[in-house]
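Engineer: Enclosed is the structure file data-v2.pdb (PDB, C-alpha atoms).
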```pdb
ATOM      1  CA  MET A   1       9.699   1.105  -3.013
ATOM      2  CA  GLU A   2       8.647   4.731  -2.763
ATOM      3  CA  LEU A   3       5.680   7.023  -2.191
ATOM      4  CA  THR A   4       4.503   9.939  -4.281
ATOM      5  CA  PRO A   5       3.979  13.204  -2.375
ATOM      6  CA  ALA A   6       0.195  12.758  -2.764
ATOM      7  CA  ALA A   7       0.341   9.259  -1.250
ATOM      8  CA  ALA A   8       2.476  10.503   1.660
ATOM      9  CA  ALA A   9       0.014  13.347   2.342
ATOM     10  CA  LEU A  10      -2.915  10.928   2.370
ATOM     11  CA  LEU A  11      -1.067   8.571   4.713
ATOM     12  CA  ARG A  12      -0.490  11.469   7.135
ATOM     13  CA  ARG A  13      -4.243  12.213   7.167
ATOM     14  CA  LEU A  14      -5.180   8.552   7.550
ATOM     15  CA  ARG A  15      -2.625   8.111  10.363
ATOM     16  CA  ALA A  16      -4.121  11.077  12.228
ATOM     17  CA  ASP A  17      -7.580   9.500  11.984
ATOM     18  CA  HIS A  18      -6.821   5.785  12.387
ATOM     19  CA  GLY A  19      -3.476   5.372  14.144
ATOM     20  CA  PRO A  20      -0.581   3.239  12.814
ATOM     21  CA  LEU A  21      -1.098   1.925   9.284
ATOM     22  CA  MET A  22      -0.123  -0.947   7.013
ATOM     23  CA  PHE A  23      -0.583  -1.916   3.358
ATOM     24  CA  HIS A  24      -1.376  -5.292   1.855
ATOM     25  CA  GLN A  25      -1.533  -6.015  -1.850
ATOM     26  CA  SER A  26      -2.958  -9.300  -3.017
ATOM     27  CA  GLY A  27      -3.838 -10.727  -6.367
ATOM     28  CA  GLY A  28      -7.360 -11.283  -5.091
ATOM     29  CA  CYS A  29     -10.693 -10.835  -6.744
ATOM     30  CA  CYS A  30     -12.190  -7.813  -4.982
ATOM     31  CA  ASP A  31      -9.891  -4.986  -6.008
ATOM     32  CA  GLY A  32      -7.440  -6.873  -8.192
ATOM     33  CA  SER A  33      -3.914  -5.964  -7.266
ATOM     34  CA  ALA A  34      -4.560  -2.565  -5.686
ATOM     35  CA  PRO A  35      -2.757  -1.842  -2.423
ATOM     36  CA  MET A  36      -5.157  -1.800   0.504
ATOM     37  CA  CYS A  37      -4.479   0.394   3.541
ATOM     38  CA  TYR A  38      -5.530  -0.873   6.972
ATOM     39  CA  PRO A  39      -4.902  -0.006  10.601
ATOM     40  CA  ALA A  40      -1.627  -1.770  11.472
ATOM     41  CA  GLY A  41      -2.258  -5.392  12.386
ATOM     42  CA  GLU A  42      -5.867  -5.437  11.186
ATOM     43  CA  PHE A  43      -5.001  -7.515   8.121
ATOM     44  CA  ARG A  44      -3.471 -10.807   9.197
ATOM     45  CA  THR A  45      -0.376 -11.692   7.214
ATOM     46  CA  GLY A  46       1.087 -15.171   7.022
ATOM     47  CA  ASN A  47       3.403 -17.522   5.155
ATOM     48  CA  SER A  48       1.821 -16.574   1.828
ATOM     49  CA  ASP A  49       2.853 -12.890   2.246
ATOM     50  CA  VAL A  50       6.143 -11.009   1.794
ATOM     51  CA  LEU A  51       7.108  -7.858   3.721
ATOM     52  CA  LEU A  52       8.419  -5.635   0.914
ATOM     53  CA  ALA A  53       9.170  -2.464   2.818
ATOM     54  CA  SER A  54       8.739  -0.431   5.951
ATOM     55  CA  LEU A  55       7.987   2.974   4.492
ATOM     56  CA  ASP A  56       9.165   6.060   6.343
ATOM     57  CA  VAL A  57       6.642   8.850   5.887
ATOM     58  CA  THR A  58       7.518  12.353   7.064
ATOM     59  CA  GLY A  59       5.039  13.317   9.781
ATOM     60  CA  VAL A  60       4.128   9.704  10.616
ATOM     61  CA  ALA A  61       5.644   8.420  13.848
ATOM     62  CA  GLU A  62       6.210   4.819  12.773
ATOM     63  CA  PRO A  63       7.045   3.098   9.483
ATOM     64  CA  VAL A  64       4.128   1.889   7.346
ATOM     65  CA  GLN A  65       4.703  -1.755   6.504
ATOM     66  CA  PHE A  66       3.919  -2.828   2.948
ATOM     67  CA  TRP A  67       3.018  -6.503   2.527
ATOM     68  CA  MET A  68       2.326  -8.333  -0.727
ATOM     69  CA  SER A  69       1.116 -11.837  -1.448
ATOM     70  CA  LYS A  70       3.912 -14.105  -2.699
ATOM     71  CA  SER A  71       2.064 -14.705  -5.967
ATOM     72  CA  GLN A  72       1.896 -10.945  -6.641
ATOM     73  CA  TYR A  73       5.512 -10.511  -5.579
ATOM     74  CA  GLU A  74       6.625 -12.998  -8.236
ATOM     75  CA  VAL A  75       4.991 -10.781 -10.878
ATOM     76  CA  TRP A  76       6.379  -7.471  -9.518
ATOM     77  CA  ALA A  77       9.804  -8.675  -8.282
ATOM     78  CA  HIS A  78      11.822  -6.960 -11.037
ATOM     79  CA  THR A  79      10.142  -3.578 -10.776
ATOM     80  CA  ARG A  80      10.490  -0.485  -8.637
ATOM     81  CA  LEU A  81       7.109   0.005  -6.980
ATOM     82  CA  ILE A  82       5.682   3.466  -6.406
ATOM     83  CA  VAL A  83       2.613   3.967  -4.204
ATOM     84  CA  ASP A  84       0.441   6.734  -5.639
ATOM     85  CA  VAL A  85      -3.099   8.011  -5.080
ATOM     86  CA  VAL A  86      -5.678   8.983  -7.701
ATOM     87  CA  GLU A  87      -9.260  10.220  -7.682
ATOM     88  CA  GLY A  88     -11.911   7.533  -7.737
ATOM     89  CA  ARG A  89     -13.376   4.989  -5.414
ATOM     90  CA  GLY A  90     -11.312   1.962  -4.541
ATOM     91  CA  SER A  91     -12.241  -0.893  -2.264
ATOM     92  CA  GLY A  92     -14.638  -0.386   0.614
ATOM     93  CA  PHE A  93     -12.123  -2.245   2.794
ATOM     94  CA  SER A  94      -9.269   0.220   2.344
ATOM     95  CA  LEU A  95      -9.134   3.227   4.690
ATOM     96  CA  GLU A  96      -9.005   5.821   1.917
ATOM     97  CA  ALA A  97     -12.298   4.693   0.306
ATOM     98  CA  PRO A  98     -14.457   7.377   2.021
ATOM     99  CA  GLU A  99     -12.002  10.072   0.837
ATOM    100  CA  GLY A 100     -13.021   9.660  -2.828
ATOM    101  CA  VAL A 101      -9.518   8.533  -3.775
ATOM    102  CA  ARG A 102      -7.684   5.245  -4.023
ATOM    103  CA  PHE A 103      -4.140   4.029  -3.713
ATOM    104  CA  LEU A 104      -2.558   2.371  -6.719
ATOM    105  CA  ILE A 105       0.828   1.029  -7.705
ATOM    106  CA  ARG A 106       2.919   2.462 -10.481
ATOM    107  CA  SER A 107       6.054   0.626 -11.490
ATOM    108  CA  ARG A 108       9.347   1.007 -13.312
ATOM    109  CA  LEU A 109      11.686  -1.756 -14.352
ATOM    110  CA  VAL A 110      14.635  -1.965 -11.975
ATOM    111  CA  GLY A 111      17.550   0.018 -13.380
ATOM    112  CA  THR A 112      15.439   2.546 -15.306
TER     113      THR A 112
END
```
Rewrite the structure of this file - the entire thing - as structure tokens.
Structural biologist:
Amino acid sequence: MELTPAAAALLRRLRADHGPLMFHQSGGCCDGSAPMCYPAGEFRTGNSDVLLASLDVTGVAEPVQFWMSKSQYEVWAHTRLIVDVVEGRGSGFSLEAPEGVRFLIRSRLVGT
């Protein structure tokens, strides 16, 4: 799993404003399978979630954990996931929503 430079820059800004961060990506109804960024620990994970990565972001003191629902993980398991950011409004629940941008996942098949 990796971050684009734009995603890393946004995480640095969000960390400065909100403290430690985390991601969760579900297959839920509200924002489909978009990664949602929360203050660390604000989204409760459980047995139906998989910790995919602890992302090291230059300029962020602690790793940013990336969680995904098991059902989503089964779909994405054979891909290399890349967290990116694009213009547009995402979910009102994700910290970047007021910024006029949203996180999204890009993927490559493993080995490509």
Engineer: Box for region 90-106 of chain A - axis-aligned, 4 Å on each of the six sides, all listed atoms - centre and size in Å to one decimal, as AutoDock Vina command-line options.
Structural biologist:
```
--center_x -5.9 --center_y 3.9 --center_z -2.9 --size_x 25.6 --size_y 20.3 --size_z 23.2
```
Engineer: Give as a list of chain:residue names each residue that has an atom at most 12 Å from (9.3, 0.9, 10.8) in the file, counting all atoms listed in the file.
Structural biologist: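 Using all atoms listed in the file, the matching residues come out as A:Pro20, A:Leu21, A:Met22, A:Ala40, A:Leu51, A:Leu52, A:Ala53, A:Ser54, A:Leu55, A:Asp56, A:Val57, A:Val60, A:Ala61, A:Glu62, A:Pro63, A:Val64, A:Gln65, A:Phe66.
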Engineer: From the list A:Ala34, A:Leu11, A:Ala77, A:Ile82, which residue is nearest Glu99 (chain A) when using all atoms listed in the file?
Structural biologist: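 Closest to Glu99 (chain A), using all atoms listed in the file: A:Leu11.
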Engineer: On this file, the PyMOL selection byres ((chain A and resi 76) around 12) gives some set of residues; write that set as a PyMOL selection string.
Structural biologist: chain A and resi 1+25-27+33+50+52+68-75+77-82+105-110
Engineer: Residues near Arg102 (chain A), anyone? I mean within 7 Å using all atoms listed in the file, not counting same-chain ones fewer than 5 positions away, as a ChimeraX atom specification.
Structural biologist: /A:85-90,96-97
Engineer: Would you mind reading off the distance between CA of Glu2 (chain A) and CA of Glu42 (chain A), one decimal, in Å?
Structural biologist: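 CA of Glu42 (chain A) lies 22.6 Å from CA of Glu2 (chain A).
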Engineer: Here is a test: counting all atoms listed in the file, which residue of A:His24, A:Leu95, A:Pro39, A:Asn47 is nearest to Trp67 (chain A)?
Structural biologist: A:His24
